[in-house]
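One file, work.txt, carrying compact mmCIF, C-alpha atoms and all ligand atoms:
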# COMPACT_ATOMS: atom_id res chain seq x y z
CA MET A 164 208.25 97.84 172.28
CA ARG A 165 208.05 94.03 172.10
CA VAL A 166 204.42 92.89 172.13
CA LEU A 167 203.09 89.40 172.75
CA GLY A 168 199.79 88.89 170.88
CA ILE A 169 197.20 86.29 171.85
CA GLU A 170 194.21 85.25 169.68
CA THR A 171 191.50 82.78 170.77
CA SER A 172 188.30 84.24 169.27
CA CYS A 173 187.25 81.19 167.24
CA ASP A 174 188.99 77.88 166.47
CA GLU A 175 192.64 78.94 166.26
CA THR A 176 194.83 79.22 169.35
CA SER A 177 197.56 81.61 168.32
CA ALA A 178 200.41 83.59 169.88
CA ALA A 179 202.97 85.88 168.25
CA VAL A 180 205.75 88.29 169.10
CA VAL A 181 205.96 91.54 167.15
CA GLU A 182 208.53 94.28 167.64
CA ASP A 183 209.60 96.33 164.61
CA LYS A 184 208.70 93.26 162.57
CA LEU A 185 207.14 89.87 163.08
CA GLU A 186 209.49 87.87 165.35
CA SER A 187 207.43 84.69 165.75
CA LEU A 188 204.00 83.27 165.05
CA VAL A 189 202.43 80.02 166.28
CA ILE A 190 198.94 78.98 165.10
CA LEU A 191 197.27 75.84 166.38
CA SER A 192 194.10 75.08 164.37
CA GLN A 193 191.50 72.98 166.13
CA ASP A 194 190.96 70.16 163.69
CA VAL A 195 188.21 68.58 165.81
CA HIS A 196 185.49 70.88 164.38
CA ARG A 197 185.75 69.21 160.95
CA VAL A 198 183.89 66.24 162.38
CA PHE A 199 180.91 68.49 163.12
CA GLY A 200 181.04 70.58 159.92
CA GLY A 201 181.40 73.83 161.87
CA VAL A 202 182.85 75.30 165.06
CA VAL A 203 181.34 73.93 168.29
CA PRO A 204 181.81 76.75 170.82
CA GLU A 205 182.18 74.62 173.98
CA ILE A 206 184.74 72.35 172.32
CA ALA A 207 186.62 75.44 171.07
CA SER A 208 186.85 76.90 174.61
CA ARG A 209 188.18 73.64 176.04
CA ALA A 210 190.72 73.24 173.26
CA HIS A 211 191.99 76.82 173.84
CA LEU A 212 192.42 76.01 177.55
CA THR A 213 194.67 73.07 176.72
CA ALA A 214 196.63 74.89 174.02
CA VAL A 215 197.13 78.46 175.23
CA VAL A 216 200.12 77.86 177.56
CA PRO A 217 202.23 75.74 175.17
CA VAL A 218 201.36 77.98 172.19
CA VAL A 219 202.49 81.13 174.06
CA ARG A 220 205.65 79.37 175.32
CA GLN A 221 206.49 78.30 171.75
CA ALA A 222 205.95 81.81 170.33
CA VAL A 223 208.27 83.27 172.99
CA ALA A 224 210.90 80.56 172.37
CA ASP A 225 210.69 81.03 168.57
CA ALA A 226 211.35 84.76 169.04
CA ALA A 227 214.53 83.75 170.93
CA ILE A 228 213.52 85.72 174.01
CA GLY A 229 212.35 84.94 177.54
CA MET A 230 208.98 85.79 179.13
CA ARG A 231 210.68 88.68 180.98
CA ASP A 232 211.61 90.30 177.64
CA ILE A 233 207.94 90.94 176.79
CA ASP A 234 207.05 94.64 177.14
CA ALA A 235 203.26 94.40 176.68
CA ILE A 236 200.48 91.93 175.92
CA ALA A 237 197.76 92.40 173.29
CA VAL A 238 194.76 90.08 173.30
CA THR A 239 191.62 89.75 171.16
CA HIS A 240 188.64 90.64 173.36
CA GLY A 241 185.91 90.63 170.71
CA PRO A 242 184.02 89.98 168.56
CA GLY A 243 183.96 86.20 168.61
CA LEU A 244 182.84 83.21 170.65
CA VAL A 245 182.63 84.56 174.16
CA GLY A 246 183.83 81.40 175.93
CA ALA A 247 186.76 81.08 173.52
CA LEU A 248 187.68 84.78 173.90
CA LEU A 249 187.56 84.49 177.69
CA VAL A 250 190.35 81.91 177.68
CA GLY A 251 192.70 84.32 175.88
CA VAL A 252 191.60 87.37 177.87
CA SER A 253 191.94 85.62 181.26
CA PHE A 254 195.32 84.16 180.38
CA ALA A 255 196.58 87.51 179.03
CA LYS A 256 195.48 89.28 182.22
CA GLY A 257 197.23 86.74 184.43
CA LEU A 258 200.44 86.88 182.43
CA ALA A 259 200.43 90.69 182.19
CA ALA A 260 199.88 90.97 185.95
CA SER A 261 202.64 88.49 186.78
CA LEU A 262 205.13 90.15 184.38
CA ASP A 263 203.97 93.62 185.46
CA VAL A 264 203.51 94.81 181.86
CA PRO A 265 200.64 96.72 180.19
CA LEU A 266 197.68 94.91 178.67
CA ILE A 267 195.65 96.02 175.63
CA GLY A 268 192.40 94.52 174.35
CA VAL A 269 192.28 94.37 170.53
CA HIS A 270 189.25 94.25 168.23
CA HIS A 271 189.55 91.13 166.06
CA MET A 272 188.62 92.94 162.82
CA GLU A 273 191.05 95.79 163.52
CA GLY A 274 193.62 93.00 163.74
CA HIS A 275 192.66 91.73 160.26
CA LEU A 276 193.12 95.30 158.99
CA PHE A 277 196.75 95.34 160.19
CA ALA A 278 197.67 91.84 158.93
CA THR A 279 198.82 92.81 155.43
CA GLU A 280 201.13 95.53 156.73
CA LEU A 281 203.18 92.89 158.56
CA GLN A 282 204.20 91.53 155.14
CA ASN A 283 204.06 94.65 153.06
CA PRO A 284 204.99 98.08 154.48
CA ASP A 285 203.03 99.73 151.63
CA ALA A 286 199.73 98.47 153.04
CA THR A 287 199.31 101.58 155.19
CA PRO A 288 196.53 104.21 155.15
CA PRO A 289 195.01 105.97 153.37
CA PHE A 290 193.27 102.99 151.76
CA THR A 291 189.94 101.29 151.16
CA ALA A 292 189.66 98.04 153.10
CA LEU A 293 187.61 94.95 152.40
CA LEU A 294 187.50 92.60 155.39
CA VAL A 295 186.04 89.23 154.47
CA SER A 296 186.11 86.47 157.07
CA GLY A 297 183.94 83.63 158.29
CA GLY A 298 181.95 85.94 160.55
CA HIS A 299 182.20 89.41 158.97
CA THR A 300 182.09 91.28 155.67
CA LEU A 301 183.05 94.92 156.05
CA LEU A 302 183.92 97.67 153.59
CA LEU A 303 185.82 100.54 155.22
CA ASP A 304 187.45 103.76 154.20
CA VAL A 305 190.65 104.18 156.23
CA PRO A 306 192.18 107.69 156.06
CA ALA A 307 194.56 106.82 158.95
CA TRP A 308 195.13 103.96 161.38
CA GLY A 309 192.44 104.21 164.05
CA GLU A 310 190.01 106.14 161.80
CA TYR A 311 187.54 103.84 160.14
CA GLN A 312 184.53 104.95 158.15
CA LEU A 313 182.13 102.05 157.72
CA LEU A 314 180.88 102.12 154.13
CA GLY A 315 179.08 98.79 153.88
CA ALA A 316 178.55 95.42 155.52
CA THR A 317 176.71 92.21 154.83
CA ARG A 318 173.03 92.19 155.63
CA ASP A 319 172.96 88.43 156.24
CA ASP A 320 175.71 85.82 155.73
CA ALA A 321 179.39 86.74 155.80
CA ALA A 322 181.40 85.98 152.62
CA GLY A 323 183.34 83.16 154.32
CA GLU A 324 180.14 81.75 155.78
CA ALA A 325 178.68 81.65 152.24
CA PHE A 326 181.79 79.79 151.01
CA ASP A 327 181.51 77.33 153.90
CA LYS A 328 177.79 76.68 153.34
CA VAL A 329 178.24 76.23 149.59
CA ALA A 330 181.16 73.86 150.29
CA LYS A 331 178.83 71.77 152.43
CA LEU A 332 176.21 71.68 149.64
CA LEU A 333 178.93 70.53 147.22
CA GLY A 334 180.12 67.81 149.62
CA LEU A 335 183.43 69.55 150.44
CA PRO A 336 185.13 69.61 153.89
CA TYR A 337 184.93 72.42 156.47
CA PRO A 338 186.22 75.16 156.34
CA GLY A 339 185.30 75.11 152.69
CA GLY A 340 186.57 78.35 151.12
CA ARG A 341 189.81 77.01 149.67
CA HIS A 342 188.10 73.78 148.53
CA VAL A 343 185.43 75.74 146.64
CA GLU A 344 188.19 77.87 145.09
CA ALA A 345 190.06 74.74 143.95
CA MET A 346 186.88 73.17 142.55
CA ALA A 347 185.94 76.40 140.74
CA ALA A 348 189.42 76.53 139.19
CA ALA A 349 188.68 73.19 137.52
CA CYS A 350 185.91 74.82 135.43
CA ASP A 351 186.80 77.11 132.51
CA ALA A 352 183.34 77.65 131.07
CA PRO A 353 180.70 77.62 133.81
CA ARG A 354 177.18 76.73 132.72
CA HIS A 355 175.86 78.33 135.90
CA ARG A 356 175.45 82.06 136.20
CA PHE A 357 173.94 83.42 139.39
CA ALA A 358 172.63 86.96 139.94
CA ARG A 359 175.22 89.35 141.45
CA PRO A 360 173.80 90.09 144.90
CA MET A 361 172.92 93.72 145.61
CA LEU A 362 174.63 94.84 142.43
CA HIS A 363 172.87 96.58 139.56
CA GLY A 364 173.66 99.45 137.25
CA GLY A 365 171.01 101.81 138.58
CA GLN A 366 172.56 102.13 142.04
CA GLN A 367 173.57 105.64 143.11
CA PRO A 368 175.90 106.77 145.90
CA GLY A 369 173.67 107.34 148.91
CA ASP A 370 171.41 104.38 148.10
CA PRO A 371 171.23 102.10 151.15
CA ASP A 372 172.39 99.12 149.05
CA TYR A 373 175.20 100.97 147.22
CA TYR A 374 177.93 99.49 149.43
CA ASP A 375 176.09 96.70 151.29
CA PHE A 376 176.41 92.98 150.59
CA SER A 377 174.05 90.02 150.84
CA PHE A 378 174.90 86.38 150.27
CA SER A 379 172.00 84.33 151.61
CA GLY A 380 169.99 84.59 148.34
CA LEU A 381 173.05 83.45 146.37
CA LYS A 382 173.40 80.49 148.72
CA THR A 383 169.74 79.58 148.10
CA ALA A 384 170.30 79.83 144.33
CA VAL A 385 173.22 77.39 144.71
CA LEU A 386 171.04 75.06 146.78
CA ILE A 387 168.39 75.04 144.03
CA ALA A 388 171.03 74.34 141.35
CA VAL A 389 172.49 71.48 143.43
CA ARG A 390 169.05 69.94 144.04
CA ALA A 391 168.19 70.19 140.31
CA ALA A 392 171.47 68.52 139.33
CA GLU A 393 170.91 65.80 141.95
CA ALA A 394 167.38 65.22 140.65
CA ASP A 395 168.51 64.65 137.05
CA GLY A 396 171.57 62.64 138.10
CA THR A 397 174.15 65.10 136.71
CA ILE A 398 175.54 66.47 140.00
CA ASP A 399 178.99 64.91 139.58
CA ALA A 400 179.42 66.62 136.20
CA GLN A 401 178.04 69.96 137.43
CA ARG A 402 179.76 70.54 140.79
CA ALA A 403 182.71 72.49 139.34
CA SER A 404 180.41 74.67 137.24
CA ILE A 405 178.24 75.45 140.28
CA ALA A 406 181.33 76.26 142.38
CA ARG A 407 182.65 78.55 139.65
CA GLY A 408 179.27 80.24 139.10
CA PHE A 409 178.94 80.87 142.85
CA GLN A 410 182.49 82.23 143.23
CA ASP A 411 182.11 84.49 140.16
CA ALA A 412 178.91 86.05 141.53
CA LEU A 413 180.29 86.56 145.04
CA VAL A 414 183.62 87.93 143.78
CA ASP A 415 181.92 90.33 141.33
CA SER A 416 179.76 91.77 144.09
CA LEU A 417 182.71 92.19 146.52
CA ALA A 418 185.01 93.63 143.84
CA ALA A 419 182.53 96.12 142.35
CA LYS A 420 181.62 97.62 145.72
CA THR A 421 185.21 97.75 146.97
CA VAL A 422 186.37 99.65 143.91
CA ARG A 423 183.30 101.92 144.14
CA GLY A 424 184.39 102.77 147.69
CA ALA A 425 187.96 103.50 146.61
CA GLU A 426 186.82 105.67 143.70
CA ALA A 427 184.37 107.66 145.81
CA HIS A 428 187.06 108.42 148.42
CA GLY A 429 189.91 109.06 146.00
CA ARG A 430 191.96 106.06 147.20
CA GLN A 431 194.56 104.39 144.99
CA ARG A 432 195.27 101.65 147.49
CA ILE A 433 193.02 98.73 148.47
CA VAL A 434 193.86 96.42 151.38
CA LEU A 435 192.17 93.06 151.82
CA GLY A 436 191.92 91.12 155.08
CA GLY A 437 190.29 88.03 156.59
CA GLY A 438 190.33 84.40 155.45
CA VAL A 439 188.49 84.99 152.15
CA ALA A 440 191.18 87.56 151.20
CA CYS A 441 193.49 84.71 150.17
CA ASN A 442 191.05 83.75 147.41
CA GLY A 443 192.98 84.22 144.15
CA ALA A 444 189.89 84.96 142.04
CA LEU A 445 188.88 87.74 144.43
CA GLN A 446 192.37 89.29 144.39
CA GLU A 447 192.58 89.15 140.59
CA ARG A 448 189.10 90.60 140.05
CA ILE A 449 189.67 93.50 142.43
CA ALA A 450 193.10 94.23 140.93
CA ALA A 451 191.71 94.23 137.36
CA LEU A 452 188.76 96.45 138.25
CA ALA A 453 190.94 98.81 140.31
CA VAL A 454 193.32 99.40 137.39
CA ARG A 455 190.37 99.96 135.05
CA GLN A 456 188.50 102.37 137.34
CA LEU A 457 191.20 103.97 139.48
CA GLY A 458 194.04 104.10 136.96
CA ALA A 459 197.39 102.39 136.45
CA GLY A 460 198.63 103.59 139.86
CA ALA A 461 196.05 101.49 141.70
CA ARG A 462 197.48 98.89 144.09
CA VAL A 463 195.74 95.97 145.79
CA HIS A 464 197.44 94.41 148.81
CA ALA A 465 196.32 91.07 150.25
CA PRO A 466 197.90 89.03 153.04
CA GLY A 467 199.26 85.55 152.37
CA PRO A 468 197.22 82.60 153.69
CA ARG A 469 199.00 82.46 157.08
CA LEU A 470 198.27 86.11 157.91
CA ALA A 471 194.86 86.26 156.17
CA THR A 472 193.25 83.65 158.41
CA ASP A 473 193.05 84.10 162.17
CA ASN A 474 196.44 84.66 163.79
CA ALA A 475 197.97 86.49 166.75
CA ALA A 476 200.54 88.45 164.71
CA MET A 477 197.84 90.82 163.47
CA ILE A 478 196.58 91.21 167.06
CA ALA A 479 200.08 92.06 168.31
CA ARG A 480 200.51 94.56 165.44
CA ALA A 481 197.18 96.29 166.11
CA GLY A 482 198.00 96.23 169.84
CA LEU A 483 201.36 97.87 169.14
CA PHE A 484 199.53 100.71 167.36
CA ARG A 485 197.10 101.21 170.26
CA LEU A 486 199.85 100.97 172.92
CA GLY A 487 201.92 103.49 170.93
CA ARG A 488 199.03 105.95 171.32
CA GLY A 489 199.24 105.49 175.10
CA GLU A 490 196.16 103.28 175.32
CA ARG A 491 195.97 100.59 178.02
CA SER A 492 193.22 98.20 179.14
CA GLY A 493 192.32 97.81 182.81
CA TRP A 494 192.17 94.54 184.75
CA ASP A 495 188.40 94.65 184.15
CA LEU A 496 188.96 93.93 180.41
CA ASN A 497 186.10 91.67 179.30
CA ALA A 498 185.28 89.46 176.30
CA TYR A 499 182.42 90.40 173.95
CA ALA A 500 180.56 88.40 171.29
CA THR A 501 179.80 91.67 169.45
CA LEU A 502 181.94 94.79 169.65
CA ALA A 503 182.22 98.02 167.65
CA ILE A 504 185.60 98.71 166.02
CA PRO A 505 187.26 101.51 168.02
CA GLY A 506 187.39 104.67 165.92
CA ALA A 507 184.67 103.49 163.53
CA VAL A 508 182.04 105.92 162.34
CA ALA A 509 178.91 105.01 160.41
CA ARG A 510 178.51 105.67 156.70
CA GLY A 511 177.76 109.28 155.97
CA SER A 512 179.32 110.65 159.18
CA ALA A 513 182.58 112.56 158.93
CA ALA A 514 185.51 110.39 160.00
CA ALA A 515 186.79 111.53 163.41
O1 LIG B 601 189.45 85.24 159.05
P1 LIG B 601 189.15 83.81 159.25
O2 LIG B 601 190.30 82.85 159.46
O3 LIG B 601 188.22 83.56 160.46
C1 LIG B 601 187.23 84.43 160.91
O4 LIG B 601 187.57 85.45 161.55
O5 LIG B 601 186.07 84.11 160.61
O6 LIG B 601 188.29 83.35 157.96
C2 LIG B 601 187.88 82.03 157.79
C3 LIG B 601 187.04 81.97 156.53
C4 LIG B 601 186.35 80.63 156.34
O7 LIG B 601 184.99 80.88 156.06
C5 LIG B 601 187.07 80.03 155.13
O8 LIG B 601 186.26 79.16 154.36
C6 LIG B 601 187.46 81.27 154.36
O9 LIG B 601 187.87 82.18 155.37
N1 LIG B 601 188.55 81.04 153.41
C7 LIG B 601 188.42 81.17 152.07
C8 LIG B 601 189.66 80.81 151.49
N2 LIG B 601 190.51 80.47 152.51
C9 LIG B 601 189.81 80.63 153.67
N3 LIG B 601 187.38 81.56 151.31
C10 LIG B 601 187.56 81.60 149.96
N4 LIG B 601 188.70 81.26 149.35
C11 LIG B 601 189.78 80.85 150.06
N5 LIG B 601 190.92 80.52 149.43
ZN ZN B 602 189.09 86.46 161.73

Could you quickly redo this structure as structure tokens?
Ligand code: KG4
Ligand code: ZN
Amino acid sequence: MRVLGIETSCDETSAAVVEDKLESLVILSQDVHRVFGGVVPEIASRAHLTAVVPVVRQAVADAAIGMRDIDAIAVTHGPGLVGALLVGVSFAKGLAASLDVPLIGVHHMEGHLFATELQNPDATPPFTALLVSGGHTLLLDVPAWGEYQLLGATRDDAAGEAFDKVAKLLGLPYPGGRHVEAMAAACDAPRHRFARPMLHGGQQPGDPDYYDFSFSGLKTAVLIAVRAAEADGTIDAQRASIARGFQDALVDSLAAKTVRGAEAHGRQRIVLGGGVACNGALQERIAALAVRQLGAGARVHAPGPRLATDNAAMIARAGLFRLGRGERSGWDLNAYATLAIPGAVARGSAAA
């Protein structure tokens, strides 16, 4: 089945064609938001409206097929900016109706879960998944596609959001994750050490904070360090150390809890997803800890930058899975700012 994927949940207009493998992928990033230091929802919706038709046409052309060769359409219908999502959902409905092909609504985070598998066929369940994006931080146990046990989540800021806010404090452009990573890489011996959020030796499985994350306190600690350095006129000399100290603390917290999750569920495989998953320090830390705690057979799979950040290929791939199970969305498919992952069960419940 040849699936056209469409993604418009935030500030990327993207379309892709996936069959047995990825046939084409077009991503148009809305540069305009840089001027405002963050995504402006109304501007995002308008930009999607302008871009969606040419982006879809290009993805179809790049796959060397015609519109009539599309067998089904998968579209992100949540979570995300509701006005932005509506552009993709409305367009997908219109196109599916005119081509007379099935339509499937895809959960954006389920898409991120499938992204790595497009590059690496080994990134299949069972595995422990860490999804770290600008809007979400989720730790999941995945015994099979479609069965997701939610182990932990952030209680405040998402990991990517923390990177973006710290980037702003350090005077770096938006989105700031990769800029903070580059700045941190310039520091070998950080003078700043921040507390690892929600991570201490006394935690036991079953404790409410055993798998959860929190990054707003870390962000405040960075703010205090920046203000102190500004006050004594040393900020230019200290930025790289602050960036490194922040990244080390965030990465330690994410890595420790991810490997805890894998160990507790007997998983040898860890799959990362979302924009922060392309952070090299995060990948290295998780890989090192996984080998130490899970054994030499442990494997950590992360998507490359193009598939880690928002894209329609992962939506088409997740849609292909759902369509293969006989699932279809009706013409009443709607867009949602918040949405539960289909097949997800809360921590402590038996996976369905
Ligand atoms: O998954 P994504 O493209 O969008 C959402 O669904 O939110 O993730 C975007 C986030 C941004 O916060 C960005 O700063 C972060 O991913 N990011 C990174 C890196 N590259 C992107 N964070 C840390 N290190 C990176 N190399
Ligand atoms: Zn995303």

Next on the checklist: Env of Gly460 in chain A: 9 Å cut, atoms = only C-alpha atoms, seq-sep filter 4 positions within chain, self excluded. Answer as a VMD selection string.
Outcome noted: chain A and resid 431 to 432 454

Next on the checklist: Give me the residues near range 231-236 of chain A as number ranges by chain, where near means some atom within 9 Å (using all atoms listed in the file) and where sequence neighbours in that chain fewer than 2 positions away do not count.
Outcome noted: A: 164-169, 180, 223, 228-229, 238, 255-256, 258-259, 262-268, 479, 482-483, 486

Pull C-alpha atoms from the residues just selected and write them as a PDB file, in the coordinates of the input.
ATOM      1  CA  MET A 164     208.250  97.840 172.280  1.00  0.00           C
ATOM      2  CA  ARG A 165     208.050  94.030 172.100  1.00  0.00           C
ATOM      3  CA  VAL A 166     204.420  92.890 172.130  1.00  0.00           C
ATOM      4  CA  LEU A 167     203.090  89.400 172.750  1.00  0.00           C
ATOM      5  CA  GLY A 168     199.790  88.890 170.880  1.00  0.00           C
ATOM      6  CA  ILE A 169     197.200  86.290 171.850  1.00  0.00           C
ATOM      7  CA  VAL A 180     205.750  88.290 169.100  1.00  0.00           C
ATOM      8  CA  VAL A 223     208.270  83.270 172.990  1.00  0.00           C
ATOM      9  CA  ILE A 228     213.520  85.720 174.010  1.00  0.00           C
ATOM     10  CA  GLY A 229     212.350  84.940 177.540  1.00  0.00           C
ATOM     11  CA  VAL A 238     194.760  90.080 173.300  1.00  0.00           C
ATOM     12  CA  ALA A 255     196.580  87.510 179.030  1.00  0.00           C
ATOM     13  CA  LYS A 256     195.480  89.280 182.220  1.00  0.00           C
ATOM     14  CA  LEU A 258     200.440  86.880 182.430  1.00  0.00           C
ATOM     15  CA  ALA A 259     200.430  90.690 182.190  1.00  0.00           C
ATOM     16  CA  LEU A 262     205.130  90.150 184.380  1.00  0.00           C
ATOM     17  CA  ASP A 263     203.970  93.620 185.460  1.00  0.00           C
ATOM     18  CA  VAL A 264     203.510  94.810 181.860  1.00  0.00           C
ATOM     19  CA  PRO A 265     200.640  96.720 180.190  1.00  0.00           C
ATOM     20  CA  LEU A 266     197.680  94.910 178.670  1.00  0.00           C
ATOM     21  CA  ILE A 267     195.650  96.020 175.630  1.00  0.00           C
ATOM     22  CA  GLY A 268     192.400  94.520 174.350  1.00  0.00           C
ATOM     23  CA  ALA A 479     200.080  92.060 168.310  1.00  0.00           C
ATOM     24  CA  GLY A 482     198.000  96.230 169.840  1.00  0.00           C
ATOM     25  CA  LEU A 483     201.360  97.870 169.140  1.00  0.00           C
ATOM     26  CA  LEU A 486     199.850 100.970 172.920  1.00  0.00           C
TER      27      LEU A 486
END

Next on the checklist: Which residues are near ligand LIG 601 (chain B) - at most 9 Å, using all atoms listed in the file? Format: as a ChimeraX atom specification.
Outcome noted: /A:172-175,243,271-272,275,294-299,321-328,330,337-345,410,436-445,468,470-474

Checklist entry - Which one is closest to ligand ZN 602 (chain B): A:Phe357, A:Phe277, A:Phe409, A:Phe378? Count only C-alpha atoms and all ligand atoms. => result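 Closest candidate: A:Phe277.
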
Next on the checklist: So, with only C-alpha atoms and all ligand atoms as the atoms that count, which of A:Leu276, A:Leu185, A:Ile206, A:Ile387 lies closest to ligand ZN 602 (chain B)?
Outcome noted: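 The shortest atom-to-atom distance to ligand ZN 602 (chain B) comes from A:Leu276.
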
Item to check | CA of Gln312 in chain A to CA of Gly487 in chain A, straight-line distance in Å | outcome: 21.6 Å

Starting from the structure just given, write a file holding range 230-246 of chain A with N, CA, C and O atoms, as a PDB file, in the first residue's frame.
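What ended up in result_12.pdb:
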ATOM      1  N   MET A 230      -0.844  11.512  -8.605  1.00  0.00           N
ATOM      2  CA  MET A 230      -1.805  11.539  -7.481  1.00  0.00           C
ATOM      3  C   MET A 230      -2.657  10.266  -7.457  1.00  0.00           C
ATOM      4  O   MET A 230      -2.974   9.744  -6.391  1.00  0.00           O
ATOM      5  N   ARG A 231      -3.000   9.766  -8.654  1.00  0.00           N
ATOM      6  CA  ARG A 231      -3.895   8.588  -8.750  1.00  0.00           C
ATOM      7  C   ARG A 231      -3.215   7.305  -8.252  1.00  0.00           C
ATOM      8  O   ARG A 231      -3.881   6.291  -8.057  1.00  0.00           O
ATOM      9  N   ASP A 232      -1.898   7.343  -8.058  1.00  0.00           N
ATOM     10  CA  ASP A 232      -1.180   6.150  -7.583  1.00  0.00           C
ATOM     11  C   ASP A 232      -1.173   6.050  -6.057  1.00  0.00           C
ATOM     12  O   ASP A 232      -0.633   5.096  -5.495  1.00  0.00           O
ATOM     13  N   ILE A 233      -1.733   7.059  -5.391  1.00  0.00           N
ATOM     14  CA  ILE A 233      -1.785   7.031  -3.920  1.00  0.00           C
ATOM     15  C   ILE A 233      -2.920   6.099  -3.481  1.00  0.00           C
ATOM     16  O   ILE A 233      -4.042   6.216  -3.971  1.00  0.00           O
ATOM     17  N   ASP A 234      -2.603   5.184  -2.554  1.00  0.00           N
ATOM     18  CA  ASP A 234      -3.613   4.218  -2.095  1.00  0.00           C
ATOM     19  C   ASP A 234      -4.334   4.665  -0.832  1.00  0.00           C
ATOM     20  O   ASP A 234      -5.416   4.177  -0.521  1.00  0.00           O
ATOM     21  N   ALA A 235      -3.691   5.546  -0.038  1.00  0.00           N
ATOM     22  CA  ALA A 235      -4.308   5.997   1.222  1.00  0.00           C
ATOM     23  C   ALA A 235      -3.591   7.264   1.688  1.00  0.00           C
ATOM     24  O   ALA A 235      -2.454   7.522   1.280  1.00  0.00           O
ATOM     25  N   ILE A 236      -4.275   8.014   2.549  1.00  0.00           N
ATOM     26  CA  ILE A 236      -3.675   9.250   3.073  1.00  0.00           C
ATOM     27  C   ILE A 236      -3.669   9.198   4.598  1.00  0.00           C
ATOM     28  O   ILE A 236      -4.676   8.887   5.233  1.00  0.00           O
ATOM     29  N   ALA A 237      -2.491   9.479   5.179  1.00  0.00           N
ATOM     30  CA  ALA A 237      -2.343   9.543   6.640  1.00  0.00           C
ATOM     31  C   ALA A 237      -2.040  10.988   7.009  1.00  0.00           C
ATOM     32  O   ALA A 237      -1.190  11.620   6.377  1.00  0.00           O
ATOM     33  N   VAL A 238      -2.719  11.498   8.021  1.00  0.00           N
ATOM     34  CA  VAL A 238      -2.513  12.899   8.400  1.00  0.00           C
ATOM     35  C   VAL A 238      -2.454  13.037   9.920  1.00  0.00           C
ATOM     36  O   VAL A 238      -3.204  12.379  10.638  1.00  0.00           O
ATOM     37  N   THR A 239      -1.546  13.891  10.405  1.00  0.00           N
ATOM     38  CA  THR A 239      -1.483  14.170  11.843  1.00  0.00           C
ATOM     39  C   THR A 239      -2.751  14.907  12.254  1.00  0.00           C
ATOM     40  O   THR A 239      -3.067  15.941  11.678  1.00  0.00           O
ATOM     41  N   HIS A 240      -3.451  14.373  13.263  1.00  0.00           N
ATOM     42  CA  HIS A 240      -4.665  15.077  13.723  1.00  0.00           C
ATOM     43  C   HIS A 240      -4.569  15.488  15.189  1.00  0.00           C
ATOM     44  O   HIS A 240      -5.527  15.955  15.779  1.00  0.00           O
ATOM     45  N   GLY A 241      -3.384  15.340  15.793  1.00  0.00           N
ATOM     46  CA  GLY A 241      -3.161  15.799  17.145  1.00  0.00           C
ATOM     47  C   GLY A 241      -1.983  15.054  17.744  1.00  0.00           C
ATOM     48  O   GLY A 241      -1.544  14.068  17.168  1.00  0.00           O
ATOM     49  N   PRO A 242      -1.411  15.479  18.844  1.00  0.00           N
ATOM     50  CA  PRO A 242      -1.626  16.799  19.435  1.00  0.00           C
ATOM     51  C   PRO A 242      -0.790  17.837  18.696  1.00  0.00           C
ATOM     52  O   PRO A 242       0.131  17.484  17.965  1.00  0.00           O
ATOM     53  N   GLY A 243      -1.148  19.102  18.891  1.00  0.00           N
ATOM     54  CA  GLY A 243      -0.419  20.171  18.213  1.00  0.00           C
ATOM     55  C   GLY A 243      -1.237  21.452  18.245  1.00  0.00           C
ATOM     56  O   GLY A 243      -2.203  21.564  19.000  1.00  0.00           O
ATOM     57  N   LEU A 244      -0.836  22.397  17.413  1.00  0.00           N
ATOM     58  CA  LEU A 244      -1.576  23.663  17.316  1.00  0.00           C
ATOM     59  C   LEU A 244      -2.830  23.386  16.497  1.00  0.00           C
ATOM     60  O   LEU A 244      -2.734  22.939  15.351  1.00  0.00           O
ATOM     61  N   VAL A 245      -3.987  23.679  17.074  1.00  0.00           N
ATOM     62  CA  VAL A 245      -5.212  23.191  16.453  1.00  0.00           C
ATOM     63  C   VAL A 245      -5.460  23.830  15.077  1.00  0.00           C
ATOM     64  O   VAL A 245      -5.871  23.157  14.126  1.00  0.00           O
ATOM     65  N   GLY A 246      -5.153  25.111  14.936  1.00  0.00           N
ATOM     66  CA  GLY A 246      -5.344  25.779  13.649  1.00  0.00           C
ATOM     67  C   GLY A 246      -4.401  25.227  12.589  1.00  0.00           C
ATOM     68  O   GLY A 246      -4.772  25.066  11.424  1.00  0.00           O
TER      69      GLY A 246
END
